[in-house]
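Structure data follow from query12.pdb (PDB, C-alpha atoms and all ligand atoms):
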ATOM      1  CA  THR O   1      89.952 -38.533 -85.812
ATOM      2  CA  ALA O   2      89.486 -37.246 -82.258
ATOM      3  CA  GLN O   3      93.206 -37.500 -81.594
ATOM      4  CA  ARG O   4      94.083 -35.338 -84.580
ATOM      5  CA  ALA O   5      91.452 -32.801 -83.536
ATOM      6  CA  ALA O   6      92.983 -32.635 -80.065
ATOM      7  CA  LEU O   7      96.478 -32.131 -81.525
ATOM      8  CA  LYS O   8      95.136 -29.394 -83.764
ATOM      9  CA  THR O   9      93.532 -27.592 -80.821
ATOM     10  CA  GLU O  10      96.774 -27.852 -78.838
ATOM     11  CA  ALA O  11      98.811 -26.571 -81.790
ATOM     12  CA  ALA O  12      96.438 -23.624 -82.318
ATOM     13  CA  ALA O  13      96.708 -22.656 -78.630
ATOM     14  CA  LEU O  14     100.517 -22.832 -78.785
ATOM     15  CA  LEU O  15     100.650 -20.658 -81.908
ATOM     16  CA  LYS O  16      98.572 -18.076 -80.087
ATOM     17  CA  ALA O  17     100.535 -18.281 -76.827
ATOM     18  CA  HIS O  18     103.813 -17.778 -78.712
ATOM     19  CA  ASN O  19     102.477 -15.037 -81.014
ATOM     20  CA  ALA O  20     103.496 -17.275 -83.883
ATOM     21  CA  VAL O  21     102.090 -17.561 -87.371
ATOM     22  CA  LEU O  22     102.017 -20.775 -89.396
ATOM     23  CA  VAL O  23     103.134 -20.641 -93.022
ATOM     24  CA  ALA O  24     102.401 -23.911 -94.828
ATOM     25  CA  HIS O  25     103.094 -25.300 -98.291
ATOM     26  CA  PHE O  26     100.382 -26.882-100.474
ATOM     27  CA  TYR O  27     102.191 -30.255-100.269
ATOM     28  CA  VAL O  28     102.079 -30.719 -96.474
ATOM     29  CA  ASP O  29      99.526 -32.687 -94.502
ATOM     30  CA  GLY O  30      95.949 -31.378 -94.850
ATOM     31  CA  ASP O  31      95.574 -30.798 -91.094
ATOM     32  CA  LEU O  32      98.575 -28.463 -91.143
ATOM     33  CA  GLN O  33      97.162 -26.614 -94.149
ATOM     34  CA  ASP O  34      93.791 -26.199 -92.407
ATOM     35  CA  LEU O  35      95.446 -25.123 -89.164
ATOM     36  CA  ALA O  36      97.442 -22.443 -91.000
ATOM     37  CA  LEU O  37      94.268 -20.998 -92.533
ATOM     38  CA  GLU O  38      92.256 -21.261 -89.309
ATOM     39  CA  THR O  39      94.909 -19.411 -87.275
ATOM     40  CA  GLY O  40      95.570 -16.475 -89.604
ATOM     41  CA  GLY O  41      98.500 -17.996 -91.474
ATOM     42  CA  ILE O  42      98.765 -18.984 -95.102
ATOM     43  CA  VAL O  43      98.876 -22.048 -97.337
ATOM     44  CA  SER O  44     100.701 -21.309-100.553
ATOM     45  CA  ASP O  45     103.656 -21.858-102.865
ATOM     46  CA  SER O  46     107.196 -20.930-101.938
ATOM     47  CA  LEU O  47     106.979 -17.429-103.470
ATOM     48  CA  GLU O  48     103.912 -16.396-101.473
ATOM     49  CA  MET O  49     105.210 -18.125 -98.336
ATOM     50  CA  ALA O  50     108.339 -15.967 -98.528
ATOM     51  CA  ARG O  51     106.365 -12.753 -99.011
ATOM     52  CA  PHE O  52     103.838 -13.533 -96.306
ATOM     53  CA  GLY O  53     106.467 -14.429 -93.701
ATOM     54  CA  ARG O  54     108.438 -11.278 -94.425
ATOM     55  CA  ASP O  55     105.412  -8.973 -94.177
ATOM     56  CA  HIS O  56     103.634 -10.538 -91.192
ATOM     57  CA  ALA O  57     103.995  -8.828 -87.813
ATOM     58  CA  ALA O  58     104.477 -12.055 -85.818
ATOM     59  CA  GLN O  59     107.956 -12.432 -84.341
ATOM     60  CA  THR O  60     107.870 -16.213 -84.647
ATOM     61  CA  LEU O  61     107.271 -17.892 -88.005
ATOM     62  CA  VAL O  62     106.580 -21.607 -88.116
ATOM     63  CA  VAL O  63     107.299 -22.910 -91.596
ATOM     64  CA  ALA O  64     105.649 -26.214 -92.533
ATOM     65  CA  GLY O  65     107.431 -27.269 -95.683
ATOM     66  CA  VAL O  66     111.021 -28.156 -96.474
ATOM     67  CA  ARG O  67     114.304 -26.711 -95.283
ATOM     68  CA  PHE O  68     114.862 -24.158 -98.044
ATOM     69  CA  MET O  69     111.496 -22.577 -97.238
ATOM     70  CA  GLY O  70     112.502 -22.076 -93.600
ATOM     71  CA  GLU O  71     115.875 -20.722 -94.701
ATOM     72  CA  THR O  72     114.233 -18.287 -97.113
ATOM     73  CA  ALA O  73     112.022 -17.004 -94.291
ATOM     74  CA  LYS O  74     115.069 -16.507 -92.059
ATOM     75  CA  ILE O  75     117.082 -14.845 -94.844
ATOM     76  CA  LEU O  76     114.318 -12.259 -95.287
ATOM     77  CA  SER O  77     113.513 -11.825 -91.593
ATOM     78  CA  PRO O  78     116.673 -12.354 -89.527
ATOM     79  CA  GLU O  79     115.130 -10.633 -86.504
ATOM     80  CA  LYS O  80     112.332 -13.215 -86.368
ATOM     81  CA  ARG O  81     112.491 -16.679 -84.863
ATOM     82  CA  VAL O  82     111.902 -19.238 -87.621
ATOM     83  CA  LEU O  83     110.907 -22.730 -86.513
ATOM     84  CA  MET O  84     110.242 -25.880 -88.511
ATOM     85  CA  PRO O  85     108.372 -29.010 -87.385
ATOM     86  CA  ASP O  86     111.278 -31.113 -88.707
ATOM     87  CA  LEU O  87     114.607 -29.588 -89.665
ATOM     88  CA  ASP O  88     115.595 -32.745 -91.555
ATOM     89  CA  ALA O  89     112.900 -32.145 -94.175
ATOM     90  CA  THR O  90     115.057 -31.415 -97.197
ATOM     91  CA  CYS O  91     114.618 -31.666-100.987
ATOM     92  CA  SER O  92     116.359 -33.729-103.672
ATOM     93  CA  LEU O  93     117.089 -30.563-105.649
ATOM     94  CA  ASP O  94     118.839 -28.985-102.673
ATOM     95  CA  LEU O  95     120.718 -32.230-101.882
ATOM     96  CA  GLY O  96     121.757 -32.605-105.516
ATOM     97  CA  CYS O  97     123.350 -29.157-105.657
ATOM     98  CA  PRO O  98     126.079 -28.908-102.990
ATOM     99  CA  ALA O  99     127.432 -25.391-102.554
ATOM    100  CA  ASP O 100     131.109 -26.203-103.222
ATOM    101  CA  ASP O 101     130.483 -28.048-106.526
ATOM    102  CA  PHE O 102     128.028 -25.369-107.545
ATOM    103  CA  THR O 103     130.506 -22.595-106.804
ATOM    104  CA  ALA O 104     133.143 -24.342-108.923
ATOM    105  CA  PHE O 105     130.621 -24.641-111.789
ATOM    106  CA  CYS O 106     129.818 -20.922-111.570
ATOM    107  CA  ASP O 107     133.497 -19.990-111.368
ATOM    108  CA  ALA O 108     134.125 -21.959-114.577
ATOM    109  CA  HIS O 109     131.492 -19.847-116.398
ATOM    110  CA  PRO O 110     132.018 -16.260-115.256
ATOM    111  CA  ASP O 111     130.283 -14.852-118.347
ATOM    112  CA  ARG O 112     126.884 -16.237-117.276
ATOM    113  CA  THR O 113     124.197 -14.745-115.043
ATOM    114  CA  VAL O 114     123.517 -17.289-112.301
ATOM    115  CA  VAL O 115     119.829 -18.083-111.811
ATOM    116  CA  VAL O 116     118.818 -20.615-109.167
ATOM    117  CA  TYR O 117     115.505 -22.150-108.270
ATOM    118  CA  ALA O 118     114.150 -21.503-104.777
ATOM    119  CA  ASN O 119     114.771 -25.165-103.916
ATOM    120  CA  THR O 120     118.428 -24.620-102.969
ATOM    121  CA  SER O 121     120.431 -23.956 -99.810
ATOM    122  CA  ALA O 122     121.241 -20.477 -98.526
ATOM    123  CA  ALA O 123     124.883 -21.048 -99.545
ATOM    124  CA  VAL O 124     123.880 -21.743-103.168
ATOM    125  CA  LYS O 125     121.635 -18.670-103.214
ATOM    126  CA  ALA O 126     124.558 -16.666-101.869
ATOM    127  CA  ARG O 127     126.515 -17.504-105.046
ATOM    128  CA  ALA O 128     123.582 -16.690-107.372
ATOM    129  CA  ASP O 129     122.539 -13.454-109.040
ATOM    130  CA  TRP O 130     118.826 -14.312-109.111
ATOM    131  CA  MET O 131     116.516 -16.679-107.311
ATOM    132  CA  VAL O 132     113.302 -17.693-109.061
ATOM    133  CA  THR O 133     110.311 -19.890-108.225
ATOM    134  CA  SER O 134     108.136 -21.705-110.733
ATOM    135  CA  SER O 135     105.622 -18.820-110.521
ATOM    136  CA  CYS O 136     108.058 -16.250-111.895
ATOM    137  CA  ALA O 137     110.875 -18.186-113.609
ATOM    138  CA  LEU O 138     109.605 -17.629-117.165
ATOM    139  CA  GLU O 139     109.139 -13.914-116.656
ATOM    140  CA  ILE O 140     112.569 -13.409-115.107
ATOM    141  CA  VAL O 141     114.468 -15.487-117.666
ATOM    142  CA  SER O 142     112.655 -13.644-120.506
ATOM    143  CA  HIS O 143     113.718 -10.371-118.921
ATOM    144  CA  LEU O 144     117.364 -11.515-118.708
ATOM    145  CA  LYS O 145     117.302 -12.783-122.272
ATOM    146  CA  ALA O 146     115.988  -9.418-123.484
ATOM    147  CA  GLN O 147     119.033  -7.851-121.813
ATOM    148  CA  GLY O 148     121.265 -10.175-123.842
ATOM    149  CA  LYS O 149     122.328 -12.225-120.818
ATOM    150  CA  LYS O 150     123.555 -15.823-121.017
ATOM    151  CA  ILE O 151     122.317 -17.913-118.126
ATOM    152  CA  LEU O 152     123.679 -20.578-115.821
ATOM    153  CA  TRP O 153     120.662 -22.430-114.448
ATOM    154  CA  ALA O 154     120.422 -24.716-111.398
ATOM    155  CA  PRO O 155     119.353 -27.170-110.188
ATOM    156  CA  ASP O 156     116.178 -28.612-111.834
ATOM    157  CA  ARG O 157     116.895 -29.830-115.377
ATOM    158  CA  HIS O 158     113.220 -30.335-116.308
ATOM    159  CA  LEU O 159     112.159 -26.862-115.234
ATOM    160  CA  GLY O 160     115.288 -25.464-116.909
ATOM    161  CA  ARG O 161     114.507 -27.239-120.192
ATOM    162  CA  TYR O 162     110.899 -26.031-120.102
ATOM    163  CA  ILE O 163     111.984 -22.429-119.588
ATOM    164  CA  GLN O 164     114.666 -22.742-122.225
ATOM    165  CA  GLU O 165     112.094 -24.011-124.760
ATOM    166  CA  LYS O 166     109.644 -21.229-123.926
ATOM    167  CA  THR O 167     112.093 -18.340-123.905
ATOM    168  CA  GLY O 168     114.847 -19.473-126.280
ATOM    169  CA  ALA O 169     117.379 -18.195-123.736
ATOM    170  CA  ASP O 170     120.962 -19.500-123.760
ATOM    171  CA  MET O 171     120.949 -21.662-120.625
ATOM    172  CA  LEU O 172     123.691 -23.877-119.282
ATOM    173  CA  MET O 173     122.047 -26.435-116.968
ATOM    174  CA  TRP O 174     122.890 -28.142-113.718
ATOM    175  CA  ASN O 175     121.680 -31.749-113.777
ATOM    176  CA  GLY O 176     119.227 -31.961-110.863
ATOM    177  CA  ALA O 177     115.691 -33.311-110.500
ATOM    178  CA  CYS O 178     112.833 -33.545-108.049
ATOM    179  CA  ILE O 179     112.422 -37.216-107.087
ATOM    180  CA  VAL O 180     108.641 -36.772-106.926
ATOM    181  CA  HIS O 181     107.931 -35.067-110.251
ATOM    182  CA  ASP O 182     110.586 -37.109-112.040
ATOM    183  CA  GLU O 183     108.391 -40.205-111.495
ATOM    184  CA  PHE O 184     105.450 -39.032-113.610
ATOM    185  CA  LYS O 185     105.252 -41.088-116.804
ATOM    186  CA  GLY O 186     104.370 -39.862-120.292
ATOM    187  CA  LEU O 187     103.214 -43.173-121.782
ATOM    188  CA  GLU O 188     100.911 -44.002-118.878
ATOM    189  CA  LEU O 189      99.533 -40.477-119.063
ATOM    190  CA  GLU O 190      98.681 -41.010-122.740
ATOM    191  CA  LEU O 191      96.667 -44.111-121.806
ATOM    192  CA  LEU O 192      94.913 -42.293-118.981
ATOM    193  CA  ARG O 193      93.970 -39.480-121.356
ATOM    194  CA  GLU O 194      92.314 -41.974-123.686
ATOM    195  CA  GLN O 195      90.132 -43.101-120.787
ATOM    196  CA  HIS O 196      89.318 -39.498-119.822
ATOM    197  CA  PRO O 197      89.131 -37.580-123.100
ATOM    198  CA  GLY O 198      87.470 -34.520-121.555
ATOM    199  CA  ALA O 199      89.956 -34.147-118.732
ATOM    200  CA  MET O 200      92.189 -31.109-118.438
ATOM    201  CA  ILE O 201      95.839 -32.032-117.861
ATOM    202  CA  LEU O 202      97.650 -29.944-115.223
ATOM    203  CA  VAL O 203     101.416 -30.335-114.950
ATOM    204  CA  HIS O 204     104.106 -28.837-112.742
ATOM    205  CA  PRO O 205     107.212 -28.029-114.849
ATOM    206  CA  GLU O 206     109.497 -30.106-112.595
ATOM    207  CA  SER O 207     107.995 -33.089-114.492
ATOM    208  CA  PRO O 208     109.709 -34.819-117.443
ATOM    209  CA  GLN O 209     109.304 -33.436-120.953
ATOM    210  CA  SER O 210     107.041 -36.316-122.076
ATOM    211  CA  VAL O 211     104.546 -35.286-119.375
ATOM    212  CA  VAL O 212     104.842 -31.516-119.841
ATOM    213  CA  ALA O 213     104.246 -31.998-123.588
ATOM    214  CA  GLN O 214     100.733 -33.345-122.879
ATOM    215  CA  ALA O 215      99.678 -30.551-120.534
ATOM    216  CA  ASP O 216      96.800 -28.146-121.025
ATOM    217  CA  VAL O 217      98.274 -26.017-118.250
ATOM    218  CA  VAL O 218     101.933 -25.998-117.151
ATOM    219  CA  GLY O 219     102.470 -23.986-114.004
ATOM    220  CA  SER O 220     103.357 -23.473-110.378
ATOM    221  CA  THR O 221     101.218 -25.003-107.655
ATOM    222  CA  SER O 222      99.200 -21.770-107.374
ATOM    223  CA  ALA O 223      98.645 -21.705-111.133
ATOM    224  CA  LEU O 224      97.444 -25.335-111.133
ATOM    225  CA  ILE O 225      94.989 -24.637-108.303
ATOM    226  CA  LYS O 226      93.687 -21.606-110.174
ATOM    227  CA  ALA O 227      93.227 -23.775-113.272
ATOM    228  CA  VAL O 228      91.022 -26.235-111.353
ATOM    229  CA  VAL O 229      88.953 -23.467-109.767
ATOM    230  CA  GLU O 230      88.419 -21.541-113.001
ATOM    231  CA  GLY O 231      88.405 -24.419-115.498
ATOM    232  CA  THR O 232      85.229 -25.429-117.310
ATOM    233  CA  ALA O 233      86.136 -29.139-117.500
ATOM    234  CA  GLN O 234      84.686 -31.635-115.037
ATOM    235  CA  GLU O 235      87.810 -33.821-114.729
ATOM    236  CA  TYR O 236      91.412 -32.753-114.002
ATOM    237  CA  VAL O 237      94.523 -34.910-114.143
ATOM    238  CA  VAL O 238      97.065 -33.493-111.719
ATOM    239  CA  ALA O 239     100.796 -34.075-112.217
ATOM    240  CA  THR O 240     102.318 -32.696-109.029
ATOM    241  CA  ASP O 241     102.637 -33.770-105.392
ATOM    242  CA  ASN O 242      99.268 -35.158-104.310
ATOM    243  CA  GLY O 243      99.324 -33.059-101.132
ATOM    244  CA  ILE O 244      97.871 -30.338-103.369
ATOM    245  CA  LEU O 245      94.608 -32.261-103.835
ATOM    246  CA  HIS O 246      93.502 -31.246-100.342
ATOM    247  CA  ARG O 247      93.355 -27.556-101.258
ATOM    248  CA  MET O 248      91.967 -28.250-104.729
ATOM    249  CA  ARG O 249      89.081 -30.249-103.219
ATOM    250  CA  GLN O 250      88.314 -27.454-100.777
ATOM    251  CA  LEU O 251      88.281 -24.775-103.457
ATOM    252  CA  ALA O 252      86.569 -26.837-106.175
ATOM    253  CA  PRO O 253      84.482 -29.469-104.377
ATOM    254  CA  ASN O 254      82.448 -30.429-107.447
ATOM    255  CA  LYS O 255      85.363 -31.160-109.772
ATOM    256  CA  THR O 256      86.828 -34.634-110.253
ATOM    257  CA  LEU O 257      90.560 -34.850-109.544
ATOM    258  CA  ILE O 258      92.708 -37.684-110.871
ATOM    259  CA  GLU O 259      96.329 -38.238-109.887
ATOM    260  CA  ALA O 260      98.699 -38.444-112.844
ATOM    261  CA  PRO O 261     100.290 -41.894-113.251
ATOM    262  CA  THR O 262     103.677 -42.815-111.809
ATOM    263  CA  ALA O 263     105.728 -45.954-112.419
ATOM    264  CA  GLY O 264     105.165 -47.451-108.997
ATOM    265  CA  ASN O 265     102.827 -47.174-106.054
ATOM    266  CA  SER O 266     103.463 -46.264-102.420
ATOM    267  CA  ALA O 267     104.606 -49.828-101.677
ATOM    268  CA  THR O 268     107.297 -49.896-104.350
ATOM    269  CA  CYS O 269     108.223 -46.259-104.752
ATOM    270  CA  LYS O 270     108.813 -43.991-101.778
ATOM    271  CA  SER O 271     108.766 -40.790-103.782
ATOM    272  CA  CYS O 272     105.807 -41.498-106.098
ATOM    273  CA  ALA O 273     103.289 -38.647-106.027
ATOM    274  CA  HIS O 274     104.159 -37.486-102.518
ATOM    275  CA  CYS O 275     107.335 -35.895-101.272
ATOM    276  CA  PRO O 276     108.857 -37.882 -98.389
ATOM    277  CA  TRP O 277     110.314 -34.694 -96.918
ATOM    278  CA  MET O 278     107.073 -32.708 -97.066
ATOM    279  CA  ALA O 279     105.510 -35.736 -95.322
ATOM    280  CA  MET O 280     107.864 -35.280 -92.340
ATOM    281  CA  ASN O 281     105.800 -32.275 -91.248
ATOM    282  CA  SER O 282     103.309 -33.292 -88.568
ATOM    283  CA  LEU O 283     101.028 -31.705 -85.974
ATOM    284  CA  GLN O 284     103.144 -33.309 -83.248
ATOM    285  CA  GLY O 285     106.315 -31.848 -84.760
ATOM    286  CA  LEU O 286     104.688 -28.423 -84.836
ATOM    287  CA  ILE O 287     103.656 -28.745 -81.182
ATOM    288  CA  ASP O 288     107.154 -29.856 -80.180
ATOM    289  CA  CYS O 289     108.958 -27.051 -81.975
ATOM    290  CA  LEU O 290     106.814 -24.432 -80.230
ATOM    291  CA  LYS O 291     106.789 -26.108 -76.825
ATOM    292  CA  LEU O 292     110.489 -26.920 -76.743
ATOM    293  CA  GLY O 293     111.791 -24.111 -78.965
ATOM    294  CA  GLN O 294     113.480 -26.699 -81.181
ATOM    295  CA  GLY O 295     113.767 -26.840 -84.933
ATOM    296  CA  GLN O 296     115.100 -23.305 -85.147
ATOM    297  CA  ILE O 297     116.730 -22.115 -88.386
ATOM    298  CA  GLU O 298     120.139 -20.484 -87.898
ATOM    299  CA  LEU O 299     122.280 -19.040 -90.681
ATOM    300  CA  ASP O 300     125.746 -17.563 -90.991
ATOM    301  CA  GLU O 301     125.310 -13.819 -91.308
ATOM    302  CA  PRO O 302     127.653 -13.333 -94.333
ATOM    303  CA  VAL O 303     125.845 -16.122 -96.218
ATOM    304  CA  ARG O 304     122.460 -14.713 -95.231
ATOM    305  CA  ILE O 305     123.302 -11.248 -96.506
ATOM    306  CA  GLU O 306     124.509 -12.541 -99.874
ATOM    307  CA  ALA O 307     121.538 -14.894-100.246
ATOM    308  CA  LYS O 308     119.192 -12.049 -99.433
ATOM    309  CA  ALA O 309     120.358 -10.020-102.421
ATOM    310  CA  CYS O 310     119.246 -12.633-104.959
ATOM    311  CA  ILE O 311     115.876 -13.230-103.271
ATOM    312  CA  THR O 312     115.212  -9.512-102.946
ATOM    313  CA  ARG O 313     115.932  -9.043-106.649
ATOM    314  CA  MET O 314     113.146 -11.524-107.408
ATOM    315  CA  LEU O 315     110.713 -10.050-104.886
ATOM    316  CA  ASP O 316     111.275  -6.528-106.231
ATOM    317  CA  PHE O 317     110.876  -7.761-109.806
ATOM    318  CA  THR O 318     107.572  -9.532-109.064
ATOM    319  CA  ALA O 319     106.180  -6.888-106.673
TER     320      ALA O 319
HETATM  321  O1  LIG U   1     108.094 -28.782-105.650
HETATM  322  C1  LIG U   1     108.211 -27.831-104.875
HETATM  323  O2  LIG U   1     108.913 -27.937-103.866
HETATM  324  C2  LIG U   1     107.504 -26.587-105.156
HETATM  325  C3  LIG U   1     106.494 -26.610-106.184
HETATM  326  C4  LIG U   1     107.776 -25.470-104.481
HETATM  327  C5  LIG U   1     107.104 -24.185-104.743
HETATM  328  O3  LIG U   1     107.604 -23.383-105.552
HETATM  329  O4  LIG U   1     106.051 -23.934-104.187
HETATM  330 FE1  LIG U   2     111.941 -31.000-103.425
HETATM  331 FE2  LIG U   2     110.386 -32.330-105.059
HETATM  332 FE3  LIG U   2     109.953 -32.483-102.466
HETATM  333 FE4  LIG U   2     109.418 -30.215-103.789
HETATM  334  S1  LIG U   2     108.392 -32.151-104.042
HETATM  335  S2  LIG U   2     110.481 -30.403-101.842
HETATM  336  S3  LIG U   2     111.033 -30.219-105.326
HETATM  337  S4  LIG U   2     111.782 -33.219-103.557
END

Output the file's structure as structure tokens, nothing else.
Amino acid sequence: TAQRAALKTEAAALLKAHNAVLVAHFYVDGDLQDLALETGGIVSDSLEMARFGRDHAAQTLVVAGVRFMGETAKILSPEKRVLMPDLDATCSLDLGCPADDFTAFCDAHPDRTVVVYANTSAAVKARADWMVTSSCALEIVSHLKAQGKKILWAPDRHLGRYIQEKTGADMLMWNGACIVHDEFKGLELELLREQHPGAMILVHPESPQSVVAQADVVGSTSALIKAVVEGTAQEYVVATDNGILHRMRQLAPNKTLIEAPTAGNSATCKSCAHCPWMAMNSLQGLIDCLKLGQGQIELDEPVRIEAKACITRMLDFTA
């Protein structure tokens, strides 16, 4: 609409005036994704967002995503100002893994190498040996297994189980889940597949086992987008946050995209197919954080330094 176009123009001018770059996740509003690309920023997964923010010359990073993504940017670039359109945008994995309980769990298992998913607070990362994202988790856990390491994994139990199955590593799991991916349903997916026998099934590994088991491709958001772009099928069933469809449609306009089934719909289920915290990112929020200097990420320096070690280990490993 005209109003959204006007907000976009205002936001673009503010980014320029503040020498800021916009780093957006695939799950946020399509206008924010487009704005990031149109103004020299990036739309990506959490791994690439972290790399891009660290390497970009801009002294202000605006991170459209959820809290841990802003924190990761600040951990890697403490000298930069890191702003978020809404600082209350969190994640059920982060919420479900409080630093004090997590620390006690780690302390009870000192023989294990602590590997945490990116979707955790800076304080949890500070206690970990490695951070991983879904783009590099398999590779890193395989590497640790080859070194004979036993692993303590947190917080996503579905991703942990998937990696455990693939690598055969000894993994002790924290019991967390993503409220969005946890809602995808295996039985309903079986029925949908009968109606679309030629469709390729694309699944993010934060989904339940019954859904992952039916996948043609299991992977990170970037891997799923690549699968749509390069795939020879006409139809694709997508089991991840539906914010990703925006980018998939842009990159593969002639393919047919079908959302994977969830138990409820948007009226009955607030977390079905779209993350309520990703949805808190808006053009107006972006304008306000730049105009008013609000939404700034601040971290305790000792925590930041310890968290940086585990992120840097991953970035060096995947470089
Ligand atoms: O579900 C998320 O928050 C994801 C997929 C993050 C990421 O790694 O990009
Ligand atoms: Fe967290 Fe799930 Fe939302 Fe991603 S989609 S931010 S994992 S709650």

Which residues fall under the PyMOL selection byres (((chain O and resi 53) around 12) and not hetatm) in this file, as a ChimeraX atom specification? /O:20-24,40-44,46-52,54-64,69-83

Just the selected residues (C-alpha atoms), exported as an mmCIF file, in the frame of the given file, please.
data_model
loop_
_atom_site.group_PDB
_atom_site.id
_atom_site.type_symbol
_atom_site.label_atom_id
_atom_site.label_comp_id
_atom_site.auth_asym_id
_atom_site.auth_seq_id
_atom_site.Cartn_x
_atom_site.Cartn_y
_atom_site.Cartn_z
ATOM 1 C CA ALA O 20 103.496 -17.275 -83.883
ATOM 2 C CA VAL O 21 102.090 -17.561 -87.371
ATOM 3 C CA LEU O 22 102.017 -20.775 -89.396
ATOM 4 C CA VAL O 23 103.134 -20.641 -93.022
ATOM 5 C CA ALA O 24 102.401 -23.911 -94.828
ATOM 6 C CA GLY O 40 95.570 -16.475 -89.604
ATOM 7 C CA GLY O 41 98.500 -17.996 -91.474
ATOM 8 C CA ILE O 42 98.765 -18.984 -95.102
ATOM 9 C CA VAL O 43 98.876 -22.048 -97.337
ATOM 10 C CA SER O 44 100.701 -21.309 -100.553
ATOM 11 C CA SER O 46 107.196 -20.930 -101.938
ATOM 12 C CA LEU O 47 106.979 -17.429 -103.470
ATOM 13 C CA GLU O 48 103.912 -16.396 -101.473
ATOM 14 C CA MET O 49 105.210 -18.125 -98.336
ATOM 15 C CA ALA O 50 108.339 -15.967 -98.528
ATOM 16 C CA ARG O 51 106.365 -12.753 -99.011
ATOM 17 C CA PHE O 52 103.838 -13.533 -96.306
ATOM 18 C CA ARG O 54 108.438 -11.278 -94.425
ATOM 19 C CA ASP O 55 105.412 -8.973 -94.177
ATOM 20 C CA HIS O 56 103.634 -10.538 -91.192
ATOM 21 C CA ALA O 57 103.995 -8.828 -87.813
ATOM 22 C CA ALA O 58 104.477 -12.055 -85.818
ATOM 23 C CA GLN O 59 107.956 -12.432 -84.341
ATOM 24 C CA THR O 60 107.870 -16.213 -84.647
ATOM 25 C CA LEU O 61 107.271 -17.892 -88.005
ATOM 26 C CA VAL O 62 106.580 -21.607 -88.116
ATOM 27 C CA VAL O 63 107.299 -22.910 -91.596
ATOM 28 C CA ALA O 64 105.649 -26.214 -92.533
ATOM 29 C CA MET O 69 111.496 -22.577 -97.238
ATOM 30 C CA GLY O 70 112.502 -22.076 -93.600
ATOM 31 C CA GLU O 71 115.875 -20.722 -94.701
ATOM 32 C CA THR O 72 114.233 -18.287 -97.113
ATOM 33 C CA ALA O 73 112.022 -17.004 -94.291
ATOM 34 C CA LYS O 74 115.069 -16.507 -92.059
ATOM 35 C CA ILE O 75 117.082 -14.845 -94.844
ATOM 36 C CA LEU O 76 114.318 -12.259 -95.287
ATOM 37 C CA SER O 77 113.513 -11.825 -91.593
ATOM 38 C CA PRO O 78 116.673 -12.354 -89.527
ATOM 39 C CA GLU O 79 115.130 -10.633 -86.504
ATOM 40 C CA LYS O 80 112.332 -13.215 -86.368
ATOM 41 C CA ARG O 81 112.491 -16.679 -84.863
ATOM 42 C CA VAL O 82 111.902 -19.238 -87.621
ATOM 43 C CA LEU O 83 110.907 -22.730 -86.513
#

Between O:Ile179, O:Cys269, O:Leu138, O:Ala146, which residue has the minimum interatomic distance to Gly160 in chain O, considering all atoms listed in the file? O:Leu138

Residue by residue, what does the PyMOL selection byres (((not hetatm)) within 9 of (chain U and resi 1)) grab here? Present the result as a count of residues only. 34

Which centre and edge lengths in Å to one decimal define the box along x, y and z that fits every listed atom of ligand LIG 2 (chain U) plus 6 Å per side, as AutoDock Vina command-line options?
--center_x 110.2 --center_y -31.7 --center_z -103.6 --size_x 15.5 --size_y 15.0 --size_z 15.5

Selection result of the PyMOL selection byres (((chain O and resi 155) around 7) and not hetatm) on this file, as an mmCIF file with C-alpha atoms, in the frame of the given file:
data_model
loop_
_atom_site.group_PDB
_atom_site.id
_atom_site.type_symbol
_atom_site.label_atom_id
_atom_site.label_comp_id
_atom_site.auth_asym_id
_atom_site.auth_seq_id
_atom_site.Cartn_x
_atom_site.Cartn_y
_atom_site.Cartn_z
ATOM 1 C CA LEU O 93 117.089 -30.563 -105.649
ATOM 2 C CA CYS O 97 123.350 -29.157 -105.657
ATOM 3 C CA VAL O 116 118.818 -20.615 -109.167
ATOM 4 C CA TYR O 117 115.505 -22.150 -108.270
ATOM 5 C CA TRP O 153 120.662 -22.430 -114.448
ATOM 6 C CA ALA O 154 120.422 -24.716 -111.398
ATOM 7 C CA ASP O 156 116.178 -28.612 -111.834
ATOM 8 C CA ARG O 157 116.895 -29.830 -115.377
ATOM 9 C CA TRP O 174 122.890 -28.142 -113.718
ATOM 10 C CA ASN O 175 121.680 -31.749 -113.777
ATOM 11 C CA GLY O 176 119.227 -31.961 -110.863
#

Of the candidates O:Ala252, O:Leu257, O:Val115, O:Leu283, which one gets nearest to Leu32 in chain O if we count all atoms listed in the file? O:Leu283

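Reported to one decimal place, the separation of CA of Ala137 in chain O from CA of Val114 in chain O is 12.7 Å.
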
So, counting only C-alpha atoms and all ligand atoms, which residue among O:Leu144, O:Val211, O:Ile287, O:Met280 is closest to ligand LIG 2 (chain U)? O:Met280

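Here CA of Pro261 in chain O stands at a distance of 8.4 Å from CA of Gly186 in chain O.
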
Report as a ChimeraX atom specification all protein, DNA and RNA residues lying within 12 Å of Gly231 in chain O, evaluated on all atoms listed in the file, omitting residues in the same chain fewer than 2 positions from it. /O:198-202,216-217,223-229,233-236,248,252,254-256

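Separating CA of Cys106 in chain O from CA of Ala169 in chain O is a distance of 17.6 Å.
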
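Among O:Gln195, O:Gln164, O:Gln284, O:Gln294, the residue with the shortest atom-to-atom distance to Ala6 in chain O, counting only C-alpha atoms, is O:Gln284.
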
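Taking only C-alpha atoms into account, Gln147 in chain O lies nearest to O:Thr113 out of the set O:Glu165, O:Thr113, O:Ala260, O:His246.
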
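Nearest-residue note for ligand LIG 2 (chain U): choosing from O:Arg313, O:Arg247, O:His274, O:Arg193, the minimum distance belongs to O:His274, counting all atoms listed in the file.
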